file my_file.cif (mmCIF, C-alpha atoms)
data_run
loop_
_atom_site.label_atom_id
_atom_site.label_comp_id
_atom_site.auth_asym_id
_atom_site.auth_seq_id
_atom_site.Cartn_x
_atom_site.Cartn_y
_atom_site.Cartn_z
CA MET A 1 -65.14 7.24 -6.36
CA SER A 2 -65.52 4.52 -8.97
CA ARG A 3 -62.45 2.54 -9.75
CA ASP A 4 -61.39 0.35 -12.66
CA ILE A 5 -61.17 -3.28 -11.60
CA ARG A 6 -58.67 -5.19 -13.68
CA THR A 7 -59.10 -8.78 -12.56
CA ALA A 8 -62.05 -10.84 -13.70
CA GLY A 9 -62.35 -12.25 -10.16
CA ALA A 10 -62.73 -8.79 -8.63
CA ARG A 11 -65.23 -7.74 -11.27
CA MET A 12 -67.32 -10.85 -10.71
CA GLU A 13 -67.13 -10.43 -6.92
CA ARG A 14 -68.46 -6.92 -7.39
CA VAL A 15 -71.33 -8.30 -9.48
CA VAL A 16 -72.22 -10.75 -6.69
CA TYR A 17 -72.21 -7.99 -4.06
CA THR A 18 -74.35 -5.77 -6.27
CA ALA A 19 -76.79 -8.63 -6.89
CA SER A 20 -76.91 -9.27 -3.14
CA GLY A 21 -77.83 -5.64 -2.55
CA ILE A 22 -80.64 -5.92 -5.08
CA GLY A 23 -81.66 -9.19 -3.43
CA ALA A 24 -81.90 -7.37 -0.10
CA ILE A 25 -84.38 -4.95 -1.68
CA VAL A 26 -86.47 -7.79 -3.09
CA PHE A 27 -86.41 -9.94 0.06
CA GLY A 28 -87.08 -6.89 2.21
CA ALA A 29 -90.13 -6.00 0.16
CA LEU A 30 -91.45 -9.56 0.40
CA LEU A 31 -90.93 -9.67 4.15
CA VAL A 32 -92.68 -6.43 5.05
CA GLY A 33 -96.22 -7.66 5.54
CA GLY A 34 -98.01 -10.73 6.81
CA PRO A 35 -97.72 -12.57 10.13
CA SER A 36 -94.18 -13.67 9.17
CA GLY A 37 -93.14 -10.14 8.19
CA PHE A 38 -90.82 -7.93 10.22
CA VAL A 39 -93.48 -5.23 10.61
CA ALA A 40 -95.95 -7.57 12.34
CA GLN A 41 -93.19 -9.04 14.51
CA ARG A 42 -91.84 -5.67 15.66
CA THR A 43 -93.90 -5.73 18.88
CA GLN A 44 -93.05 -9.39 19.50
CA LEU A 45 -89.30 -8.74 19.72
CA MET A 46 -87.16 -6.51 21.90
CA PRO A 47 -86.71 -3.13 20.16
CA TRP A 48 -82.90 -3.25 20.07
CA PHE A 49 -83.00 -6.73 18.57
CA TRP A 50 -85.63 -5.85 15.98
CA VAL A 51 -83.58 -2.88 14.76
CA GLY A 52 -80.29 -4.79 14.84
CA SER A 53 -81.68 -7.71 12.88
CA LEU A 54 -82.92 -5.36 10.17
CA VAL A 55 -79.53 -3.69 9.98
CA PHE A 56 -77.54 -6.91 9.54
CA ALA A 57 -80.08 -8.80 7.41
CA ILE A 58 -81.24 -6.03 5.05
CA ALA A 59 -79.50 -2.66 5.52
CA LEU A 60 -75.88 -3.86 5.29
CA PRO A 61 -76.45 -6.08 2.21
CA LEU A 62 -78.36 -3.20 0.64
CA SER A 63 -75.40 -0.85 1.21
CA LEU A 64 -73.21 -3.15 -0.89
CA ILE A 65 -74.74 -1.63 -4.04
CA ILE A 66 -72.89 1.61 -3.26
CA ILE A 67 -69.87 0.36 -1.34
CA THR A 68 -68.78 -2.12 -4.00
CA ARG A 69 -68.57 0.75 -6.51
CA VAL A 70 -66.01 2.42 -4.27
CA SER A 71 -63.95 -0.55 -3.08
CA VAL A 72 -64.40 -4.29 -3.42
CA PRO A 73 -62.25 -5.00 -0.31
CA ALA A 74 -64.46 -2.64 1.72
CA ALA A 75 -67.55 -4.37 0.37
CA ARG A 76 -66.03 -7.71 1.37
CA TRP A 77 -65.72 -6.58 5.00
CA VAL A 78 -69.27 -5.23 5.01
CA ALA A 79 -70.49 -8.57 3.65
CA ARG A 80 -68.65 -10.44 6.38
CA ALA A 81 -70.12 -8.15 9.05
CA SER A 82 -73.58 -8.77 7.64
CA VAL A 83 -73.09 -12.55 7.77
CA LEU A 84 -71.82 -12.56 11.36
CA GLY A 85 -74.60 -10.23 12.48
CA PHE A 86 -77.22 -12.41 10.79
CA ILE A 87 -75.96 -15.58 12.52
CA ALA A 88 -75.95 -13.75 15.85
CA ALA A 89 -79.55 -12.65 15.22
CA GLN A 90 -80.59 -16.24 14.53
CA LEU A 91 -78.98 -17.43 17.75
CA LEU A 92 -80.54 -14.62 19.79
CA TRP A 93 -84.02 -14.78 18.23
CA VAL A 94 -85.71 -16.83 20.94
CA PRO A 95 -84.14 -14.95 23.91
CA ALA A 96 -85.11 -11.65 22.25
CA MET A 97 -88.79 -12.56 21.92
CA THR A 98 -91.26 -10.74 24.16
CA VAL A 99 -94.02 -13.36 23.64
CA PRO A 100 -94.01 -17.13 24.22
CA MET A 101 -94.85 -17.88 20.57
CA LEU A 102 -95.13 -15.73 17.43
CA ALA A 103 -98.69 -14.60 16.77
CA ASP A 104 -100.99 -15.83 13.97
CA HIS A 105 -98.86 -18.91 13.25
CA GLY A 106 -96.08 -16.71 11.96
CA ASP A 107 -92.53 -17.92 11.40
CA PRO A 108 -89.37 -15.90 12.24
CA TRP A 109 -88.97 -13.43 9.41
CA LEU A 110 -85.20 -14.04 9.29
CA GLN A 111 -85.86 -17.46 7.77
CA GLY A 112 -87.08 -15.79 4.60
CA ILE A 113 -83.75 -14.13 3.85
CA ASN A 114 -81.12 -16.67 4.95
CA ALA A 115 -80.02 -17.40 1.36
CA LEU A 116 -78.52 -13.91 1.21
CA PRO A 117 -75.96 -14.25 4.05
CA SER A 118 -75.20 -17.79 2.88
CA THR A 119 -74.18 -16.49 -0.54
CA LEU A 120 -72.22 -13.59 0.93
CA ALA A 121 -70.35 -15.92 3.29
CA VAL A 122 -68.90 -18.27 0.65
CA VAL A 123 -67.95 -15.39 -1.66
CA ALA A 124 -66.52 -13.03 0.97
CA TRP A 125 -64.39 -15.69 2.70
CA ARG A 126 -63.77 -18.20 -0.14
CA SER A 127 -63.00 -20.87 2.45
CA ARG A 128 -64.49 -24.29 2.99
CA TRP A 129 -65.34 -23.18 6.53
CA ALA A 130 -67.71 -20.59 5.08
CA TRP A 131 -69.97 -23.43 4.02
CA ALA A 132 -70.91 -23.74 7.69
CA VAL A 133 -73.31 -20.83 7.07
CA PRO A 134 -75.56 -22.39 4.40
CA LEU A 135 -75.25 -25.89 5.86
CA GLY A 136 -75.92 -24.60 9.35
CA GLN A 137 -79.25 -23.14 8.25
CA GLY A 138 -80.80 -26.61 8.60
CA PRO A 139 -80.47 -26.99 12.37
CA LEU A 140 -80.77 -23.24 13.04
CA VAL A 141 -84.02 -22.84 11.11
CA ALA A 142 -85.50 -25.99 12.62
CA LEU A 143 -84.57 -25.21 16.24
CA VAL A 144 -85.65 -21.56 16.13
CA GLN A 145 -88.95 -22.41 14.46
CA ILE A 146 -89.71 -25.18 16.96
CA GLN A 147 -89.16 -22.79 19.88
CA ALA A 148 -90.66 -19.64 18.38
CA ALA A 149 -93.55 -20.72 16.17
CA GLU A 150 -96.62 -22.84 16.60
CA GLY A 151 -96.84 -25.94 14.46
CA PRO A 152 -95.57 -29.52 14.19
CA ALA A 153 -91.86 -30.15 14.71
CA LEU A 154 -91.80 -32.10 11.46
CA ASP A 155 -92.70 -28.94 9.53
CA ALA A 156 -89.80 -27.15 11.20
CA VAL A 157 -87.38 -29.92 10.25
CA LEU A 158 -88.59 -29.92 6.65
CA ASN A 159 -88.20 -26.14 6.52
CA GLY A 160 -84.66 -26.57 7.78
CA LEU A 161 -83.85 -29.10 5.06
CA GLY A 162 -85.37 -26.82 2.45
CA ALA A 163 -83.29 -23.93 3.73
CA VAL A 164 -80.08 -25.95 3.41
CA LEU A 165 -80.94 -26.94 -0.16
CA PHE A 166 -81.97 -23.45 -1.28
CA CYS A 167 -79.06 -21.68 0.42
CA SER A 168 -76.48 -24.18 -0.84
CA ILE A 169 -77.67 -23.91 -4.45
CA LEU A 170 -77.46 -20.11 -4.49
CA ALA A 171 -74.15 -20.03 -2.61
CA GLY A 172 -72.62 -22.74 -4.78
CA THR A 173 -73.67 -21.00 -7.98
CA ALA A 174 -72.21 -17.66 -6.89
CA LEU A 175 -68.97 -19.26 -5.72
CA ALA A 176 -68.58 -21.24 -8.96
CA VAL A 177 -68.93 -18.06 -11.01
CA VAL A 178 -66.37 -16.17 -8.93
CA ARG A 179 -63.90 -19.08 -8.96
CA ALA A 180 -64.24 -19.39 -12.73
CA ALA A 181 -63.25 -15.74 -12.99
CA ASP A 182 -60.32 -16.38 -10.62
CA ALA A 183 -59.20 -19.26 -12.85
CA GLN A 184 -59.28 -16.92 -15.82
CA ASP A 185 -57.06 -14.47 -13.94
CA GLU A 186 -54.61 -17.24 -13.01
CA ALA A 187 -54.38 -18.39 -16.61
CA GLY A 188 -53.69 -14.85 -17.75
CA GLU A 189 -51.05 -14.39 -15.07
CA ARG A 190 -49.32 -17.62 -16.11
CA ALA A 191 -49.32 -16.46 -19.72
CA ARG A 192 -47.80 -13.10 -18.76
CA THR A 193 -45.17 -14.78 -16.60
CA GLN A 194 -44.24 -17.16 -19.39
CA ALA A 195 -44.00 -14.26 -21.82
CA SER A 196 -41.65 -12.50 -19.41
CA ILE A 197 -39.52 -15.65 -19.08
CA ASP A 198 -39.36 -16.02 -22.86
CA ALA A 199 -38.36 -12.38 -23.23
CA ARG A 200 -35.55 -12.78 -20.69
CA ARG A 201 -34.36 -15.94 -22.46
CA ARG A 202 -34.26 -14.14 -25.80
CA THR A 203 -32.34 -11.29 -24.20
CA ARG A 204 -29.90 -13.76 -22.65
CA GLU A 205 -29.31 -15.48 -25.99
CA GLN A 206 -28.66 -12.14 -27.66
CA GLU A 207 -26.25 -11.22 -24.86
CA LEU A 208 -24.35 -14.48 -25.24
CA GLY A 209 -24.03 -13.82 -28.96
CA ARG A 210 -22.65 -10.37 -28.23
CA ILE A 211 -20.15 -11.81 -25.76
CA ASP A 212 -19.01 -14.33 -28.35
CA ALA A 213 -18.49 -11.56 -30.87
CA ILE A 214 -16.53 -9.48 -28.35
CA VAL A 215 -14.30 -12.40 -27.45
CA HIS A 216 -13.66 -13.22 -31.10
CA ASP A 217 -13.33 -9.73 -32.56
CA ASP A 218 -11.67 -7.80 -29.73
CA ILE A 219 -9.93 -10.04 -27.23
CA MET A 220 -8.60 -12.62 -29.68
CA SER A 221 -7.46 -9.83 -31.99
CA VAL A 222 -5.46 -8.21 -29.18
CA LEU A 223 -3.88 -11.52 -28.17
CA LEU A 224 -2.89 -12.37 -31.76
CA THR A 225 -1.42 -8.93 -32.31
CA ALA A 226 0.54 -9.07 -29.05
CA SER A 227 1.97 -12.49 -29.94
CA ARG A 228 3.68 -11.22 -33.08
CA ALA A 229 7.35 -10.34 -33.12
CA ASP A 230 6.58 -6.82 -34.31
CA PRO A 231 3.28 -5.85 -32.67
CA SER A 232 1.18 -3.20 -34.37
CA PRO A 233 1.36 0.39 -33.08
CA ASP A 234 -2.42 0.20 -32.68
CA LEU A 235 -2.11 -2.50 -30.04
CA ALA A 236 -2.83 -0.10 -27.18
CA VAL A 237 -6.00 1.15 -28.90
CA GLN A 238 -7.18 -2.42 -29.53
CA ALA A 239 -6.44 -3.39 -25.94
CA GLN A 240 -8.45 -0.41 -24.62
CA ARG A 241 -11.39 -1.35 -26.82
CA ALA A 242 -11.29 -4.94 -25.57
CA LEU A 243 -11.06 -3.73 -21.96
CA THR A 244 -14.10 -1.52 -22.44
CA ALA A 245 -16.05 -4.43 -23.91
CA MET A 246 -15.12 -6.67 -20.98
CA THR A 247 -16.22 -3.97 -18.53
CA GLU A 248 -19.61 -3.89 -20.22
CA ILE A 249 -19.86 -7.67 -19.90
CA ALA A 250 -19.12 -7.48 -16.18
CA SER A 251 -21.71 -4.74 -15.63
CA PRO A 252 -24.57 -5.85 -13.36
CA ASP A 253 -27.02 -4.35 -15.88
CA ARG A 254 -25.94 -6.56 -18.73
CA ASP A 255 -28.74 -9.10 -18.23
CA ALA A 256 -31.48 -6.49 -18.27
CA PRO A 257 -33.20 -5.90 -21.61
CA ALA A 258 -32.78 -2.54 -23.31
CA GLU A 259 -36.55 -2.27 -23.65
CA TYR A 260 -39.59 -3.84 -22.03
CA THR A 261 -42.88 -4.89 -23.56
CA PRO A 262 -46.03 -3.36 -21.99
CA SER A 263 -46.78 -6.67 -20.23
CA GLU A 264 -43.25 -6.80 -18.82
CA VAL A 265 -43.56 -3.20 -17.62
CA VAL A 266 -46.76 -4.08 -15.77
CA ALA A 267 -45.16 -7.21 -14.29
CA LEU A 268 -42.19 -5.22 -12.99
CA LEU A 269 -44.38 -2.43 -11.57
CA ARG A 270 -46.68 -4.95 -9.86
CA ALA A 271 -43.71 -6.78 -8.36
CA THR A 272 -42.25 -3.49 -7.12
CA ALA A 273 -45.56 -2.41 -5.61
CA GLY A 274 -46.09 -5.80 -3.97
CA GLU A 275 -42.74 -5.56 -2.20
CA VAL A 276 -43.86 -2.30 -0.53
CA ILE A 277 -47.56 -3.07 0.14
CA ALA A 278 -48.34 -6.76 -0.15
CA ASP A 279 -52.13 -6.47 -0.58
CA LEU A 280 -52.13 -3.35 -2.75
CA GLU A 281 -54.91 -2.90 -5.29
CA PHE A 282 -53.00 -2.62 -8.58
CA THR A 283 -54.96 -2.11 -11.79
CA TYR A 284 -53.76 -1.43 -15.32
CA GLU A 285 -54.81 -0.83 -18.91
CA LEU A 286 -52.81 -1.78 -22.00
CA ARG A 287 -53.68 0.35 -25.03
CA GLY A 288 -50.67 -0.31 -27.23
CA ALA A 289 -47.75 -2.61 -27.94
CA ALA A 290 -44.79 -0.21 -28.13
CA HIS A 291 -41.76 -1.11 -25.98
CA VAL A 292 -40.60 1.13 -23.13
CA PRO A 293 -36.89 1.95 -22.55
CA ARG A 294 -35.18 0.31 -19.60
CA ALA A 295 -34.21 3.63 -17.98
CA THR A 296 -37.82 4.77 -18.09
CA VAL A 297 -39.09 1.57 -16.48
CA ALA A 298 -36.44 1.81 -13.75
CA ALA A 299 -37.41 5.42 -12.95
CA LEU A 300 -41.11 4.56 -12.87
CA ALA A 301 -40.52 1.58 -10.58
CA GLU A 302 -38.31 3.53 -8.17
CA ALA A 303 -40.69 6.51 -8.03
CA LEU A 304 -43.67 4.18 -7.57
CA ALA A 305 -41.95 2.43 -4.67
CA GLU A 306 -41.22 5.75 -2.98
CA ALA A 307 -44.81 6.96 -3.45
CA LEU A 308 -46.13 3.75 -1.88
CA ARG A 309 -43.67 3.97 1.01
CA ASN A 310 -44.85 7.52 1.70
CA ALA A 311 -48.47 6.35 1.63
CA SER A 312 -47.82 3.48 4.03
CA ARG A 313 -45.98 5.79 6.44
CA HIS A 314 -48.17 8.88 6.38
CA ALA A 315 -51.67 8.01 5.11
CA GLY A 316 -52.75 6.83 8.56
CA ASP A 317 -54.35 3.74 10.01
CA GLY A 318 -57.23 2.37 7.99
CA ALA A 319 -56.33 4.25 4.83
CA THR A 320 -56.69 2.45 1.50
CA THR A 321 -54.02 2.85 -1.15
CA ARG A 322 -54.49 2.03 -4.82
CA ALA A 323 -52.21 2.14 -7.86
CA ASN A 324 -53.06 2.17 -11.55
CA ALA A 325 -50.94 2.05 -14.70
CA VAL A 326 -52.05 3.02 -18.20
CA LEU A 327 -49.74 2.19 -21.12
CA ASP A 328 -50.26 3.18 -24.74
CA ASP A 329 -47.92 3.66 -27.68
CA ASP A 330 -47.11 7.24 -26.72
CA ALA A 331 -47.04 7.37 -22.93
CA VAL A 332 -47.04 5.57 -19.60
CA VAL A 333 -49.02 7.02 -16.70
CA VAL A 334 -48.83 5.53 -13.21
CA THR A 335 -51.04 6.91 -10.44
CA VAL A 336 -51.01 6.23 -6.72
CA GLU A 337 -53.83 7.44 -4.54
CA ASP A 338 -54.86 6.99 -0.94
CA ASP A 339 -57.82 8.14 1.10
CA GLY A 340 -55.71 8.87 4.15
CA ASP A 341 -54.85 11.94 6.22
CA GLY A 342 -53.39 13.98 3.38
CA PHE A 343 -51.28 17.11 3.84
CA ASP A 344 -50.75 20.66 2.61
CA PRO A 345 -48.06 20.47 -0.11
CA ARG A 346 -47.07 24.07 0.63
CA SER A 347 -46.07 23.06 4.14
CA VAL A 348 -43.55 20.44 3.00
CA ALA A 349 -40.02 21.68 3.68
CA ALA A 350 -37.43 21.65 0.89
CA SER A 351 -35.37 19.25 3.02
CA ARG A 352 -38.06 16.56 2.64
CA LEU A 353 -36.40 14.50 -0.06
CA GLY A 354 -39.00 11.74 -0.37
CA ILE A 355 -41.23 13.76 -2.71
CA ARG A 356 -38.80 16.12 -4.39
CA VAL A 357 -35.82 13.89 -5.07
CA SER A 358 -37.17 10.35 -4.98
CA ILE A 359 -40.28 11.11 -7.02
CA GLU A 360 -40.27 14.41 -8.91
CA ASP A 361 -36.54 14.75 -9.66
CA ARG A 362 -36.20 11.05 -10.48
CA MET A 363 -38.90 11.29 -13.14
CA ALA A 364 -37.60 14.63 -14.43
CA ALA A 365 -34.17 13.05 -14.92
CA ILE A 366 -35.41 10.91 -17.81
CA GLU A 367 -36.35 12.41 -21.17
CA GLY A 368 -40.11 12.82 -21.35
CA GLY A 369 -40.56 12.13 -17.63
CA ALA A 370 -42.60 14.14 -15.15
CA ALA A 371 -44.32 13.71 -11.79
CA SER A 372 -46.89 15.58 -9.75
CA VAL A 373 -48.05 15.25 -6.16
CA SER A 374 -51.33 16.70 -4.92
CA SER A 375 -52.96 16.35 -1.54
CA ARG A 376 -55.51 17.93 0.77
CA PRO A 377 -55.65 17.53 4.54
CA GLY A 378 -58.21 14.89 5.37
CA ARG A 379 -58.87 14.09 1.70
CA GLY A 380 -55.93 11.86 0.76
CA THR A 381 -52.98 12.13 -1.60
CA TRP A 382 -52.56 11.62 -5.37
CA VAL A 383 -49.23 10.96 -7.07
CA THR A 384 -48.98 10.87 -10.86
CA LEU A 385 -45.91 9.55 -12.67
CA MET A 386 -45.83 10.19 -16.41
CA TRP A 387 -43.51 9.39 -19.27
CA THR A 388 -44.22 10.67 -22.78
CA ARG A 389 -42.35 9.12 -25.67
CA PRO A 390 -39.96 11.77 -27.10
#

call {"tool": "encode", "arguments": {"input": "my_file.cif", "output": "structure tokens"}}
result
Amino acid sequence: MSRDIRTAGARMERVVYTASGIGAIVFGALLVGGPSGFVAQRTQLMPWFWVGSLVFAIALPLSLIIITRVSVPAARWVARASVLGFIAAQLLWVPAMTVPMLADHGDPWLQGINALPSTLAVVAWRSRWAWAVPLGQGPLVALVQIQAAEGPALDAVLNGLGAVLFCSILAGTALAVVRAADAQDEAGERARTQASIDARRRTREQELGRIDAIVHDDIMSVLLTASRADPSPDLAVQAQRALTAMTEIASPDRDAPAEYTPSEVVALLRATAGEVIADLEFTYELRGAAHVPRATVAALAEALAEALRNASRHAGDGATTRANAVLDDDAVVVTVEDDGDGFDPRSVAASRLGIRVSIEDRMAAIEGGAASVSSRPGRGTWVTLMWTRP
């Protein structure tokens, strides 16, 4: 299932994985024939090693074309497995040979594709330690070629230096592109955070102005009236009005804005989701600028948290959970889906309050709110939270 990737970093990472898959096709085609091709070297290597090296060097990178369309995190793990398998194949090349030297002055075919795992390593791990893969190609290529192929040792050393240069250039270029996209995401996140801070400050200033008006118009009026020798008969009514105003001031909800901008809604939903599942994939689309009432945002956040808690408890080990929010001027739709164990909704007892009360009834309690839960055993669960502007 294709998914919408919100962050520029994730989109660019997907592009790199897709390009790596295409690169596996190209490199694989170039390495089919000739004395340095994997077809000619099939009989010169142990069968299990020949098959395994093809899987890690070509098949797994090739699979990224499809896997990255389903899940970037899954593609990241496949890329890491490909890198580790490729390094293991380089280290085991000489012990896995069935001949003293490769025939017809051939070189190990793995040397023709080492730029691919080098690029995948720095992008999939994004750590300075990942640079050990492209930089390590120098000694690995030289040592394996010296032991496995006929020819001067100097040629092997020069091939190793060339491998380091070529692999580092490709890896560095890919990493620079992905990090530039990450920087764009960070700048956008800072802008959204600052906008949220500014909105809270404006709300606070408005609240302080309201408090000043209450103190001046209600409380001071009551005190002045009570200080007179002949207090007004309306003193009790004025005092009750002032007491009500003070109760509103003391309410814990007084600092919360009456409405939220779309960006603030997304920020609150992301924060709520992150508290339940720290590494959750959360995507969103903003299609309008209309504000959303506070009660609606609270219901959406609470129902979202309950849906994610249910997913973390019941989806099963290894399940992936994703959330998406779409906001336009007329509606807000939040979806939560997982690819876990699933269940038969008809088998859920009425006493199970997690779905009925915490999700469906909570959304139904607000005007324009609704929720639906669908699931199939072995196919995952989908929760949709919707609010339509009355």

call {"tool": "resolve_selection", "arguments": {"input": "my_file.cif", "expression": "the PyMOL selection byres ((chain A and resi 366) around 12)", "output": "number ranges by chain"}}
result
A: 293-300, 303, 359-365, 367-371, 385-390

call {"tool": "atom_distance", "arguments": {"input": "my_file.cif", "atom1": "atom CA of Ala307 of chain A", "atom2": "atom CA of Val336 of chain A"}}
result
7.0 Å

call {"tool": "residues_around", "arguments": {"input": "my_file.cif", "residues": "Ile277 of chain A", "least_positions_apart": "4", "cutoff": "12 Å", "atoms": "all atoms listed in the file", "output": "VMD selection string"}}
result
chain A and resid 270 to 273 281 to 282 304 to 313 320 to 323

call {"tool": "closest_residue", "arguments": {"input": "my_file.cif", "among": "A:Leu110, A:Val326, A:Ile169, A:Val144", "to": "Val157 of chain A", "atoms": "all atoms listed in the file"}}
result
A:Val144

call {"tool": "residues_around", "arguments": {"input": "my_file.cif", "residues": "Val51 of chain A", "least_positions_apart": "5", "cutoff": "10 Å", "atoms": "only C-alpha atoms", "output": "number ranges by chain"}}
result
A: 38, 42, 45-46, 56
